[in-house]
file model_34.cif (mmCIF, C-alpha atoms)
data_data
#
loop_
_atom_site.label_atom_id
_atom_site.label_comp_id
_atom_site.auth_asym_id
_atom_site.auth_seq_id
_atom_site.Cartn_x
_atom_site.Cartn_y
_atom_site.Cartn_z
CA MET A 1 17.28 9.29 17.90
CA ALA A 2 15.55 9.97 14.60
CA ASP A 3 12.70 12.45 14.82
CA LEU A 4 9.50 10.59 13.88
CA THR A 5 7.08 13.47 14.36
CA LEU A 6 4.79 13.99 11.41
CA GLU A 7 3.05 16.91 9.76
CA LEU A 8 0.80 15.90 6.89
CA ALA A 9 -1.38 18.52 5.21
CA GLY A 10 -1.33 20.62 8.38
CA ILE A 11 -2.19 17.64 10.62
CA SER A 12 0.39 16.84 13.31
CA SER A 13 1.08 13.62 15.18
CA PRO A 14 3.94 12.32 17.35
CA ASN A 15 4.75 9.57 14.83
CA PRO A 16 3.73 8.65 11.26
CA PHE A 17 1.75 5.50 12.10
CA TRP A 18 -2.01 5.98 11.97
CA LEU A 19 -4.66 3.30 12.18
CA ALA A 20 -6.62 3.30 8.92
CA SER A 21 -10.37 3.70 8.70
CA ALA A 22 -11.71 0.26 9.63
CA PRO A 23 -13.18 -1.71 12.57
CA PRO A 24 -10.20 -0.84 14.85
CA THR A 25 -11.21 2.84 14.69
CA ASP A 26 -14.99 2.72 15.09
CA SER A 27 -15.37 3.59 18.78
CA LEU A 28 -13.90 5.63 21.62
CA ALA A 29 -12.89 2.49 23.51
CA LYS A 30 -10.82 1.14 20.61
CA VAL A 31 -9.24 4.48 19.72
CA HIS A 32 -8.36 5.15 23.36
CA ARG A 33 -6.72 1.72 23.50
CA ALA A 34 -4.76 2.49 20.31
CA PHE A 35 -3.50 5.82 21.63
CA GLU A 36 -2.49 4.22 24.92
CA ALA A 37 -0.44 1.73 22.91
CA GLY A 38 1.38 4.58 21.12
CA TRP A 39 -0.25 5.04 17.72
CA GLY A 40 0.25 8.53 16.32
CA GLY A 41 -3.24 8.96 14.93
CA VAL A 42 -6.37 7.32 13.61
CA VAL A 43 -8.73 7.70 10.70
CA TRP A 44 -12.15 7.13 12.24
CA LYS A 45 -14.22 4.46 10.51
CA THR A 46 -16.21 5.96 7.64
CA LEU A 47 -19.28 7.97 8.59
CA GLY A 48 -22.34 8.56 6.46
CA ILE A 49 -25.71 10.20 6.88
CA ASP A 50 -28.53 8.91 9.06
CA PRO A 51 -30.21 6.49 9.05
CA PRO A 52 -27.11 4.30 9.32
CA VAL A 53 -26.35 1.48 6.91
CA ILE A 54 -27.16 -2.11 7.86
CA ASN A 55 -24.24 -4.55 7.87
CA VAL A 56 -24.44 -8.33 7.63
CA ASN A 57 -24.22 -10.06 10.99
CA GLY A 58 -21.57 -12.50 9.86
CA PRO A 59 -19.24 -13.52 8.56
CA ARG A 60 -17.79 -10.28 7.19
CA TYR A 61 -14.21 -11.36 6.43
CA GLY A 62 -12.42 -13.96 4.36
CA ALA A 63 -8.69 -14.66 4.48
CA TRP A 64 -5.93 -16.06 2.32
CA HIS A 65 -3.54 -18.03 4.50
CA GLY A 66 0.10 -18.70 3.78
CA PRO A 67 2.38 -21.19 5.56
CA GLN A 68 1.52 -21.81 9.23
CA ARG A 69 -1.78 -19.98 8.57
CA ALA A 70 -0.09 -16.62 8.29
CA VAL A 71 -2.68 -14.14 7.01
CA MET A 72 -1.50 -12.92 3.61
CA GLY A 73 -4.67 -11.02 2.81
CA PHE A 74 -8.15 -10.20 4.07
CA ASN A 75 -11.29 -9.77 2.04
CA ASN A 76 -14.06 -7.82 3.75
CA ILE A 77 -17.69 -7.16 2.84
CA GLU A 78 -18.32 -4.75 5.72
CA LEU A 79 -19.91 -1.40 4.92
CA ILE A 80 -19.29 1.97 6.57
CA SER A 81 -20.18 2.63 10.22
CA ASP A 82 -23.57 1.27 11.17
CA ARG A 83 -23.78 3.46 14.29
CA PRO A 84 -25.77 6.73 14.44
CA LEU A 85 -23.79 9.78 13.34
CA ALA A 86 -24.36 11.57 16.67
CA ASP A 87 -22.88 8.64 18.62
CA ASN A 88 -19.74 8.63 16.51
CA LEU A 89 -19.28 12.40 16.73
CA ARG A 90 -19.70 12.40 20.50
CA GLU A 91 -16.98 9.75 20.85
CA ILE A 92 -14.67 11.51 18.37
CA ALA A 93 -14.90 14.66 20.48
CA ALA A 94 -14.16 12.69 23.66
CA ALA A 95 -11.15 10.98 22.07
CA LYS A 96 -9.71 14.31 20.90
CA ARG A 97 -10.15 15.84 24.36
CA LEU A 98 -8.34 12.90 25.95
CA TRP A 99 -5.54 12.82 23.37
CA PRO A 100 -5.05 16.33 21.98
CA ASP A 101 -1.59 15.57 20.57
CA ARG A 102 -2.80 12.68 18.36
CA ALA A 103 -4.11 13.01 14.82
CA MET A 104 -7.87 12.55 14.55
CA VAL A 105 -8.99 12.32 10.93
CA VAL A 106 -12.59 11.37 10.14
CA SER A 107 -13.47 9.33 7.07
CA VAL A 108 -16.73 10.22 5.33
CA MET A 109 -18.74 8.81 2.45
CA LEU A 110 -21.56 10.99 1.24
CA PRO A 111 -23.77 11.06 -1.87
CA LEU A 112 -22.87 13.68 -4.46
CA GLU A 113 -25.69 15.91 -3.28
CA PRO A 114 -24.08 19.17 -2.13
CA ALA A 115 -26.99 20.06 0.15
CA LEU A 116 -26.15 17.08 2.41
CA TRP A 117 -22.49 17.94 2.97
CA PRO A 118 -22.50 21.14 5.09
CA ASP A 119 -24.34 19.68 8.06
CA VAL A 120 -22.17 16.55 8.31
CA LEU A 121 -18.80 18.25 7.77
CA ARG A 122 -19.55 21.14 10.11
CA ARG A 123 -20.58 18.73 12.83
CA ILE A 124 -17.27 16.91 12.32
CA GLU A 125 -15.47 20.27 12.64
CA ASP A 126 -17.31 20.92 15.89
CA SER A 127 -16.10 17.58 17.26
CA GLY A 128 -12.52 18.89 17.27
CA ALA A 129 -11.32 16.56 14.50
CA ASP A 130 -8.11 17.50 12.70
CA GLY A 131 -9.09 16.55 9.17
CA ILE A 132 -11.47 14.85 6.75
CA GLU A 133 -10.72 11.82 4.60
CA LEU A 134 -13.05 11.35 1.63
CA ASN A 135 -13.66 7.65 1.13
CA LEU A 136 -13.99 7.47 -2.65
CA GLY A 137 -12.76 3.94 -3.04
CA CYS A 138 -14.82 1.29 -1.24
CA PRO A 139 -15.30 -1.38 -3.96
CA HIS A 140 -18.38 -3.07 -2.51
CA GLY A 141 -21.77 -2.28 -1.10
CA MET A 142 -22.14 1.45 -1.82
CA SER A 143 -21.68 1.81 -5.56
CA GLU A 144 -25.39 1.32 -6.09
CA ARG A 145 -25.89 4.52 -4.07
CA GLY A 146 -23.46 6.53 -6.17
CA MET A 147 -20.67 6.38 -3.58
CA GLY A 148 -17.41 4.53 -2.99
CA SER A 149 -15.52 3.37 -6.06
CA ALA A 150 -18.35 4.52 -8.30
CA VAL A 151 -17.02 8.00 -7.55
CA GLY A 152 -13.32 7.18 -7.18
CA GLN A 153 -13.04 5.58 -10.61
CA ASN A 154 -14.21 8.74 -12.37
CA PRO A 155 -11.81 11.73 -12.30
CA ALA A 156 -14.65 14.20 -12.91
CA LEU A 157 -16.61 12.85 -9.93
CA VAL A 158 -13.46 12.81 -7.78
CA ALA A 159 -12.98 16.49 -8.58
CA GLN A 160 -16.65 17.21 -7.83
CA ALA A 161 -16.55 15.49 -4.44
CA THR A 162 -13.25 17.13 -3.51
CA ALA A 163 -14.47 20.61 -4.48
CA CYS A 164 -17.69 20.04 -2.53
CA ALA A 165 -15.75 19.14 0.60
CA LYS A 166 -13.32 22.04 0.26
CA ALA A 167 -16.21 24.48 -0.16
CA THR A 168 -17.86 23.13 2.98
CA THR A 169 -15.13 22.67 5.59
CA ARG A 170 -12.10 24.54 6.90
CA LEU A 171 -10.43 21.24 7.84
CA PRO A 172 -7.71 19.69 5.66
CA VAL A 173 -9.24 17.29 3.16
CA LEU A 174 -7.49 14.03 2.26
CA VAL A 175 -8.89 12.13 -0.71
CA LYS A 176 -8.67 8.34 -0.43
CA LEU A 177 -8.02 6.81 -3.85
CA THR A 178 -9.24 3.49 -5.18
CA PRO A 179 -6.77 1.10 -6.83
CA ASN A 180 -9.57 -0.28 -9.01
CA VAL A 181 -8.59 1.94 -11.94
CA THR A 182 -6.38 1.72 -15.00
CA ASP A 183 -4.24 4.73 -14.04
CA ILE A 184 -4.37 6.04 -10.48
CA THR A 185 -2.50 9.21 -11.44
CA GLN A 186 -5.53 10.51 -13.35
CA VAL A 187 -7.75 10.52 -10.26
CA ALA A 188 -4.88 11.83 -8.10
CA LEU A 189 -4.43 14.81 -10.39
CA ALA A 190 -8.19 15.40 -10.48
CA ALA A 191 -8.24 15.58 -6.67
CA GLN A 192 -5.23 17.90 -6.63
CA GLN A 193 -6.73 20.27 -9.18
CA ALA A 194 -9.98 20.39 -7.18
CA GLY A 195 -8.10 21.56 -4.08
CA ALA A 196 -7.32 18.43 -2.06
CA ASP A 197 -4.85 18.99 0.77
CA GLY A 198 -3.49 15.44 0.59
CA LEU A 199 -4.13 11.94 -0.70
CA SER A 200 -4.58 8.57 1.00
CA LEU A 201 -3.82 5.42 -1.01
CA ILE A 202 -4.60 2.71 -1.64
CA ASN A 203 -8.09 1.68 -0.71
CA THR A 204 -8.99 -2.01 -0.93
CA ILE A 205 -8.86 -4.03 -4.15
CA ASN A 206 -12.00 -5.55 -5.66
CA SER A 207 -11.84 -9.29 -5.06
CA ILE A 208 -13.41 -12.65 -4.32
CA MET A 209 -11.25 -14.38 -1.73
CA ALA A 210 -12.17 -18.00 -2.43
CA VAL A 211 -15.04 -20.36 -3.17
CA ASP A 212 -16.54 -22.79 -0.67
CA LEU A 213 -16.70 -25.92 -2.85
CA ASP A 214 -19.29 -27.55 -0.59
CA ALA A 215 -21.64 -24.56 -0.47
CA MET A 216 -20.71 -23.52 -4.05
CA ALA A 217 -20.58 -19.89 -2.88
CA PRO A 218 -17.90 -17.23 -2.43
CA ILE A 219 -16.15 -16.87 0.93
CA PRO A 220 -17.25 -15.23 3.21
CA THR A 221 -20.57 -16.98 2.75
CA VAL A 222 -23.70 -15.33 4.17
CA GLY A 223 -26.78 -17.54 4.15
CA GLY A 224 -25.48 -19.62 1.26
CA GLN A 225 -24.41 -16.65 -0.88
CA GLY A 226 -21.40 -14.38 -1.16
CA SER A 227 -20.32 -11.10 -2.73
CA HIS A 228 -17.17 -9.39 -3.95
CA GLY A 229 -15.35 -7.38 -1.33
CA GLY A 230 -12.26 -5.32 -0.58
CA TYR A 231 -8.85 -7.02 -0.49
CA CYS A 232 -6.10 -5.82 1.87
CA GLY A 233 -3.10 -7.07 3.80
CA PRO A 234 0.52 -8.00 3.01
CA ALA A 235 -0.36 -9.41 -0.42
CA VAL A 236 -1.43 -5.97 -1.74
CA LYS A 237 1.81 -4.23 -0.73
CA PRO A 238 3.51 -4.49 -4.16
CA ILE A 239 0.47 -2.93 -5.83
CA ALA A 240 0.33 -0.18 -3.22
CA LEU A 241 4.06 0.56 -3.55
CA HIS A 242 3.70 1.01 -7.30
CA MET A 243 0.67 3.29 -6.97
CA VAL A 244 2.24 5.41 -4.23
CA ALA A 245 5.39 5.86 -6.33
CA ALA A 246 3.41 6.69 -9.47
CA THR A 247 1.33 9.23 -7.58
CA ALA A 248 4.32 10.80 -5.83
CA ARG A 249 6.07 11.31 -9.16
CA CYS A 250 3.19 13.22 -10.74
CA CYS A 251 1.52 14.94 -7.80
CA PRO A 252 3.15 17.20 -5.17
CA LEU A 253 0.50 16.60 -2.49
CA PRO A 254 1.41 14.87 0.79
CA LEU A 255 0.59 11.16 0.69
CA SER A 256 -0.76 8.95 3.46
CA ALA A 257 0.30 5.48 2.30
CA ILE A 258 -1.84 2.40 2.92
CA GLY A 259 -1.50 -1.19 1.77
CA GLY A 260 0.07 -4.15 3.54
CA ILE A 261 2.29 -2.28 6.01
CA SER A 262 3.19 -4.87 8.65
CA THR A 263 6.81 -4.14 9.61
CA TRP A 264 9.13 -1.17 9.98
CA ARG A 265 10.80 -2.22 6.71
CA ASP A 266 7.46 -1.98 4.88
CA ALA A 267 7.02 1.49 6.36
CA ALA A 268 10.50 2.58 5.27
CA GLU A 269 9.88 1.34 1.72
CA PHE A 270 6.71 3.40 1.38
CA LEU A 271 8.45 6.46 2.76
CA THR A 272 11.34 6.14 0.31
CA LEU A 273 8.84 6.00 -2.57
CA GLY A 274 7.28 9.33 -1.63
CA ALA A 275 4.90 8.66 1.26
CA THR A 276 4.59 11.40 3.87
CA GLY A 277 2.73 9.35 6.49
CA LEU A 278 1.53 5.77 6.94
CA GLN A 279 -1.72 3.98 7.71
CA VAL A 280 -1.99 0.43 9.06
CA CYS A 281 -4.99 -1.84 9.48
CA THR A 282 -4.66 -5.55 8.68
CA ALA A 283 -1.46 -6.06 10.67
CA ALA A 284 -3.09 -4.53 13.77
CA MET A 285 -6.17 -6.74 13.32
CA VAL A 286 -4.02 -9.87 13.03
CA TYR A 287 -1.31 -9.19 15.62
CA GLY A 288 -2.85 -6.57 17.91
CA LEU A 289 -2.12 -2.94 18.66
CA ARG A 290 1.24 -3.58 20.33
CA ILE A 291 2.89 -3.99 16.94
CA ILE A 292 3.33 -0.23 17.16
CA ASP A 293 6.32 -0.85 19.46
CA ASP A 294 8.19 -2.76 16.77
CA LEU A 295 7.16 -0.31 14.06
CA LEU A 296 8.47 2.67 16.00
CA SER A 297 11.68 1.15 17.34
CA GLY A 298 12.53 -0.57 14.07
CA LEU A 299 12.00 2.50 11.91
CA SER A 300 13.81 4.78 14.35
CA ASP A 301 16.81 2.44 14.74
CA TRP A 302 17.15 1.98 10.98
CA MET A 303 16.90 5.72 10.31
CA ASP A 304 19.58 6.35 12.93
CA SER A 305 21.92 3.79 11.39
CA ALA A 306 21.28 5.08 7.87
CA GLY A 307 21.73 8.73 8.82
CA TYR A 308 18.18 10.03 8.27
CA ALA A 309 17.40 12.61 10.95
CA ASN A 310 13.68 12.91 10.27
CA LEU A 311 10.86 11.76 7.99
CA PRO A 312 11.24 14.52 5.35
CA ALA A 313 14.88 13.51 4.92
CA LEU A 314 13.78 10.00 3.98
CA SER A 315 10.62 10.66 2.00
CA GLY A 316 11.06 10.09 -1.73
CA ARG A 317 14.74 9.06 -1.62
CA ALA A 318 14.14 6.05 -3.91
CA LEU A 319 11.93 7.88 -6.41
CA PRO A 320 14.73 9.01 -8.77
CA GLN A 321 15.66 5.35 -9.25
CA VAL A 322 12.12 4.42 -10.36
CA VAL A 323 12.34 4.77 -14.13
CA PRO A 324 10.49 3.53 -17.23
CA TRP A 325 11.77 0.19 -18.54
CA GLU A 326 13.32 1.80 -21.60
CA ARG A 327 15.71 3.76 -19.38
CA LEU A 328 17.24 0.67 -17.73
CA ASP A 329 20.93 0.04 -18.43
CA LEU A 330 21.20 -2.67 -21.10
CA HIS A 331 24.97 -2.90 -20.46
CA HIS A 332 24.31 -4.20 -16.93
CA VAL A 333 25.03 -7.96 -16.83
CA ALA A 334 24.58 -10.14 -13.75
CA LYS A 335 24.88 -13.95 -13.46
CA ALA A 336 23.80 -16.39 -10.79
CA ARG A 337 26.41 -18.15 -8.65
CA ILE A 338 25.76 -20.99 -6.22
CA VAL A 339 27.60 -20.62 -2.89
CA GLN A 340 28.49 -24.25 -2.41
CA GLU A 341 29.09 -24.09 1.34
CA LYS A 342 25.51 -22.91 1.84
CA CYS A 343 23.83 -25.11 -0.77
CA ILE A 344 21.79 -28.03 0.65
CA ALA A 345 21.50 -29.71 -2.78
CA CYS A 346 17.70 -29.75 -2.68
CA GLY A 347 17.47 -29.28 -6.43
CA ARG A 348 14.79 -26.62 -6.51
CA CYS A 349 16.95 -24.23 -8.51
CA TRP A 350 17.79 -26.90 -11.09
CA LEU A 351 14.15 -27.99 -11.45
CA SER A 352 12.86 -24.43 -11.96
CA CYS A 353 15.61 -23.50 -14.39
CA GLU A 354 15.45 -26.79 -16.32
CA ASP A 355 11.66 -26.87 -16.64
CA THR A 356 10.76 -23.20 -17.06
CA SER A 357 13.81 -21.02 -17.68
CA HIS A 358 17.09 -21.21 -19.63
CA GLN A 359 18.44 -24.61 -18.53
CA ALA A 360 21.63 -23.04 -17.21
CA ILE A 361 22.28 -25.26 -14.15
CA ASN A 362 24.38 -28.42 -14.14
CA HIS A 363 23.18 -31.31 -11.96
CA HIS A 364 26.10 -33.23 -10.48
CA GLN A 365 25.78 -36.24 -8.21
CA ASP A 366 25.42 -34.22 -5.02
CA SER A 367 25.77 -30.59 -6.09
CA TYR A 368 24.75 -28.02 -8.67
CA SER A 369 26.60 -25.33 -10.61
CA ILE A 370 25.76 -22.51 -13.03
CA ARG A 371 26.71 -22.56 -16.70
CA GLU A 372 27.50 -18.89 -17.25
CA GLU A 373 27.24 -19.14 -21.02
CA ASP A 374 23.55 -20.07 -20.71
CA CYS A 375 22.60 -17.96 -17.68
CA ILE A 376 20.68 -14.80 -18.57
CA GLY A 377 20.56 -13.48 -15.00
CA CYS A 378 16.80 -13.84 -14.52
CA ALA A 379 17.28 -14.69 -10.77
CA LEU A 380 14.56 -17.37 -10.76
CA CYS A 381 16.94 -19.82 -9.13
CA GLN A 382 17.73 -17.34 -6.36
CA LEU A 383 14.04 -16.65 -5.72
CA VAL A 384 13.02 -20.31 -5.37
CA CYS A 385 16.07 -21.30 -3.29
CA PRO A 386 15.00 -22.04 0.33
CA VAL A 387 18.37 -21.01 1.81
CA PRO A 388 19.11 -17.26 2.01
CA GLY A 389 22.48 -16.46 0.47
CA ALA A 390 22.96 -19.86 -1.17
CA ILE A 391 22.55 -18.29 -4.62
CA ILE A 392 23.81 -14.79 -5.32
CA MET A 393 23.68 -12.57 -8.38
CA GLU A 394 27.13 -11.31 -9.40
CA ARG A 395 27.57 -8.38 -11.72
CA LEU A 396 30.09 -8.74 -14.51
CA ALA A 397 31.96 -5.45 -14.53
CA GLY A 398 33.49 -4.98 -17.95
CA GLY A 399 35.25 -7.60 -20.01
CA ILE A 400 33.51 -10.28 -22.10
CA ASP A 401 29.95 -11.54 -21.58
CA PRO A 402 30.46 -15.34 -21.55
CA ARG A 403 26.94 -15.87 -22.90
CA THR A 404 27.27 -13.70 -26.00
CA GLY A 405 30.99 -13.20 -26.39
CA GLU A 406 30.39 -9.45 -26.60
CA THR A 407 32.41 -6.82 -24.80
CA ILE A 408 30.55 -5.36 -21.82
CA SER A 409 30.79 -1.59 -21.83
CA SER A 410 31.02 0.35 -18.61
CA GLU A 411 28.93 3.11 -20.16
CA PRO A 412 25.18 2.84 -19.43
CA LEU A 413 23.01 2.10 -22.46
CA SER A 414 19.23 2.45 -22.43
CA TRP A 415 16.75 1.14 -24.97
CA GLN A 416 16.08 4.74 -25.96
CA ASP A 417 19.69 4.92 -27.25
CA HIS A 418 19.99 1.35 -28.51
CA PRO A 419 20.68 1.02 -32.25
CA ASN A 420 17.88 -1.57 -32.56
CA ASN A 421 15.26 0.82 -31.22
CA PRO A 422 12.90 1.48 -34.16
CA ALA A 423 12.17 4.97 -32.89
CA ARG A 424 15.90 5.76 -32.94
CA ARG A 425 16.39 4.31 -36.40
CA SER A 426 13.53 6.38 -37.77
CA THR A 427 15.18 9.57 -36.57
#

call {"tool": "encode", "arguments": {"input": "model_34.cif", "output": "structure tokens"}}
result
Amino acid sequence: MADLTLELAGISSPNPFWLASAPPTDSLAKVHRAFEAGWGGVVWKTLGIDPPVINVNGPRYGAWHGPQRAVMGFNNIELISDRPLADNLREIAAAKRLWPDRAMVVSVMLPLEPALWPDVLRRIEDSGADGIELNLGCPHGMSERGMGSAVGQNPALVAQATACAKATTRLPVLVKLTPNVTDITQVALAAQQAGADGLSLINTINSIMAVDLDAMAPIPTVGGQGSHGGYCGPAVKPIALHMVAATARCCPLPLSAIGGISTWRDAAEFLTLGATGLQVCTAAMVYGLRIIDDLLSGLSDWMDSAGYANLPALSGRALPQVVPWERLDLHHVAKARIVQEKCIACGRCWLSCEDTSHQAINHHQDSYSIREEDCIGCALCQLVCPVPGAIIMERLAGGIDPRTGETISSEPLSWQDHPNNPARRST
């Protein structure tokens, strides 16, 4: 079987799946339950300095539901741990004693006042924790105190916080990055240059989930009012994949990937784009801790079938194929084709193409067909089709493009080399 053991920034765990810093990791009872289920590690819910913060009593979450009320995304307005620091540290120490082979990383959020850091981080060291995760990305509730995304959006402050932690603790320091920036690579490089041992990304996305049209207030609504919060869950996965790939391409640090991981396939996608390890939260909150069984067996079985012996063999395998648009092959031509034996003649492809695309589908009495001369290969028809495999995209390999009448070359051509590229003409 594939070897799923993980080493990330000097932190070891029996598998790459850690529970992210959140309500599932805020107590010994929950962490013990997670480790019994088979999770490889946890990032303990973010700690601060005493006195603890005060959270709202409810509701703290909003949700976007898809078909059959599937949770596509959560919005939360919960702050960091509202329990005394000593209580958390005592339970962290107990959890590490009970489960010495599991990764125990502790999330912290502290003001940029260096005098406050030594006491907190040394007490975390004394608890037996394996590492520190700097929460520099929370988009709500702490910015007014000079913490959270107020720090994570500023590369200079990211570097300052990272350097402060590295000067204070011997533990590996992971820096958790906010997605609420124009270019996440700038803050990633700032953390690297300041000595970070690894990066965690992405934190939650600034959002308002919905509006209660009766109360005329954002959801979740607290006493007739609402606030922006942090968005997470399956819907943020495409954003997280992009940011993990962008970071992996510019920064050599190990990456703990977060953002919508619900299945083994999600996990594999993040790993192929440069992730070293994985963190999960929303899926565990929606479906329970036993999803770890499917995550482990699915990833292991797929790695076996694909010939990947261990996690390092898989990490980053798709990165070379992530290129700027101008490097895409302009000689590549693909057209849609309807597989008639699978088509149910619902007409969704025709409606989408006729109303909003290139009007390349013929509507017969009880069937549909593609007009190749008008099809540009956008794949909209395939994406809206409710039947998997009823519409396929076929590549035209050489010969004549029926849409343009031009010869299709087998030699790749990028926009950088195209004769119409103004930059090329000017040279």

call {"tool": "residues_around", "arguments": {"input": "model_34.cif", "residues": "segment 117-125 of chain A", "least_positions_apart": "4", "cutoff": "7 Å", "atoms": "all atoms listed in the file", "output": "short mmCIF file (atom, residue, chain, number, x, y, z; two decimals) with C-alpha atoms, in the coordinates of the input"}}
result
data_model
loop_
_atom_site.label_atom_id
_atom_site.label_comp_id
_atom_site.auth_asym_id
_atom_site.auth_seq_id
_atom_site.Cartn_x
_atom_site.Cartn_y
_atom_site.Cartn_z
CA LEU A 89 -19.28 12.40 16.73
CA ALA A 129 -11.32 16.56 14.50
CA THR A 168 -17.86 23.13 2.98
CA THR A 169 -15.13 22.67 5.59
#

call {"tool": "resolve_selection", "arguments": {"input": "model_34.cif", "expression": "the PyMOL selection byres ((chain A and resi 96-109) around 9)", "output": "ChimeraX atom specification"}}
result
/A:11-15,18,21,32,35,39-49,80,91-95,110-111,120-121,124,127-136,147-148,174,176

call {"tool": "residues_around", "arguments": {"input": "model_34.cif", "residues": "segment 304-319 of chain A", "least_positions_apart": "3", "cutoff": "7 Å", "atoms": "all atoms listed in the file", "output": "MDAnalysis selection string"}}
result
chainID A and resid 1:4 245 271:276 300:301 322

call {"tool": "residues_around", "arguments": {"input": "model_34.cif", "residues": "Pro59 of chain A", "least_positions_apart": "2", "cutoff": "8 Å", "atoms": "only C-alpha atoms", "output": "mmCIF file with C-alpha atoms, keeping the file's coordinate frame"}}
result
data_model
loop_
_atom_site.group_PDB
_atom_site.id
_atom_site.type_symbol
_atom_site.label_atom_id
_atom_site.label_comp_id
_atom_site.auth_asym_id
_atom_site.auth_seq_id
_atom_site.Cartn_x
_atom_site.Cartn_y
_atom_site.Cartn_z
ATOM 1 C CA VAL A 56 -24.440 -8.330 7.630
ATOM 2 C CA ASN A 57 -24.220 -10.060 10.990
ATOM 3 C CA TYR A 61 -14.210 -11.360 6.430
ATOM 4 C CA PRO A 220 -17.250 -15.230 3.210
ATOM 5 C CA THR A 221 -20.570 -16.980 2.750
ATOM 6 C CA VAL A 222 -23.700 -15.330 4.170
#

call {"tool": "atom_distance", "arguments": {"input": "model_34.cif", "atom1": "atom CA of Gly223 of chain A", "atom2": "atom CA of Phe74 of chain A"}}
result
20.0 Å

call {"tool": "resolve_selection", "arguments": {"input": "model_34.cif", "expression": "the PyMOL selection byres ((chain A and resi 370) around 7)", "output": "list in words"}}
result
Ala336, Arg337, Ile338, Ala360, Ile361, Asn362, Ser369, Arg371 and Glu372 of chain A

call {"tool": "residues_around", "arguments": {"input": "model_34.cif", "residues": "Thr162 of chain A", "least_positions_apart": "6", "cutoff": "8 Å", "atoms": "only C-alpha atoms", "output": "PyMOL selection string"}}
result
chain A and resi 134+173+175+191+194-196
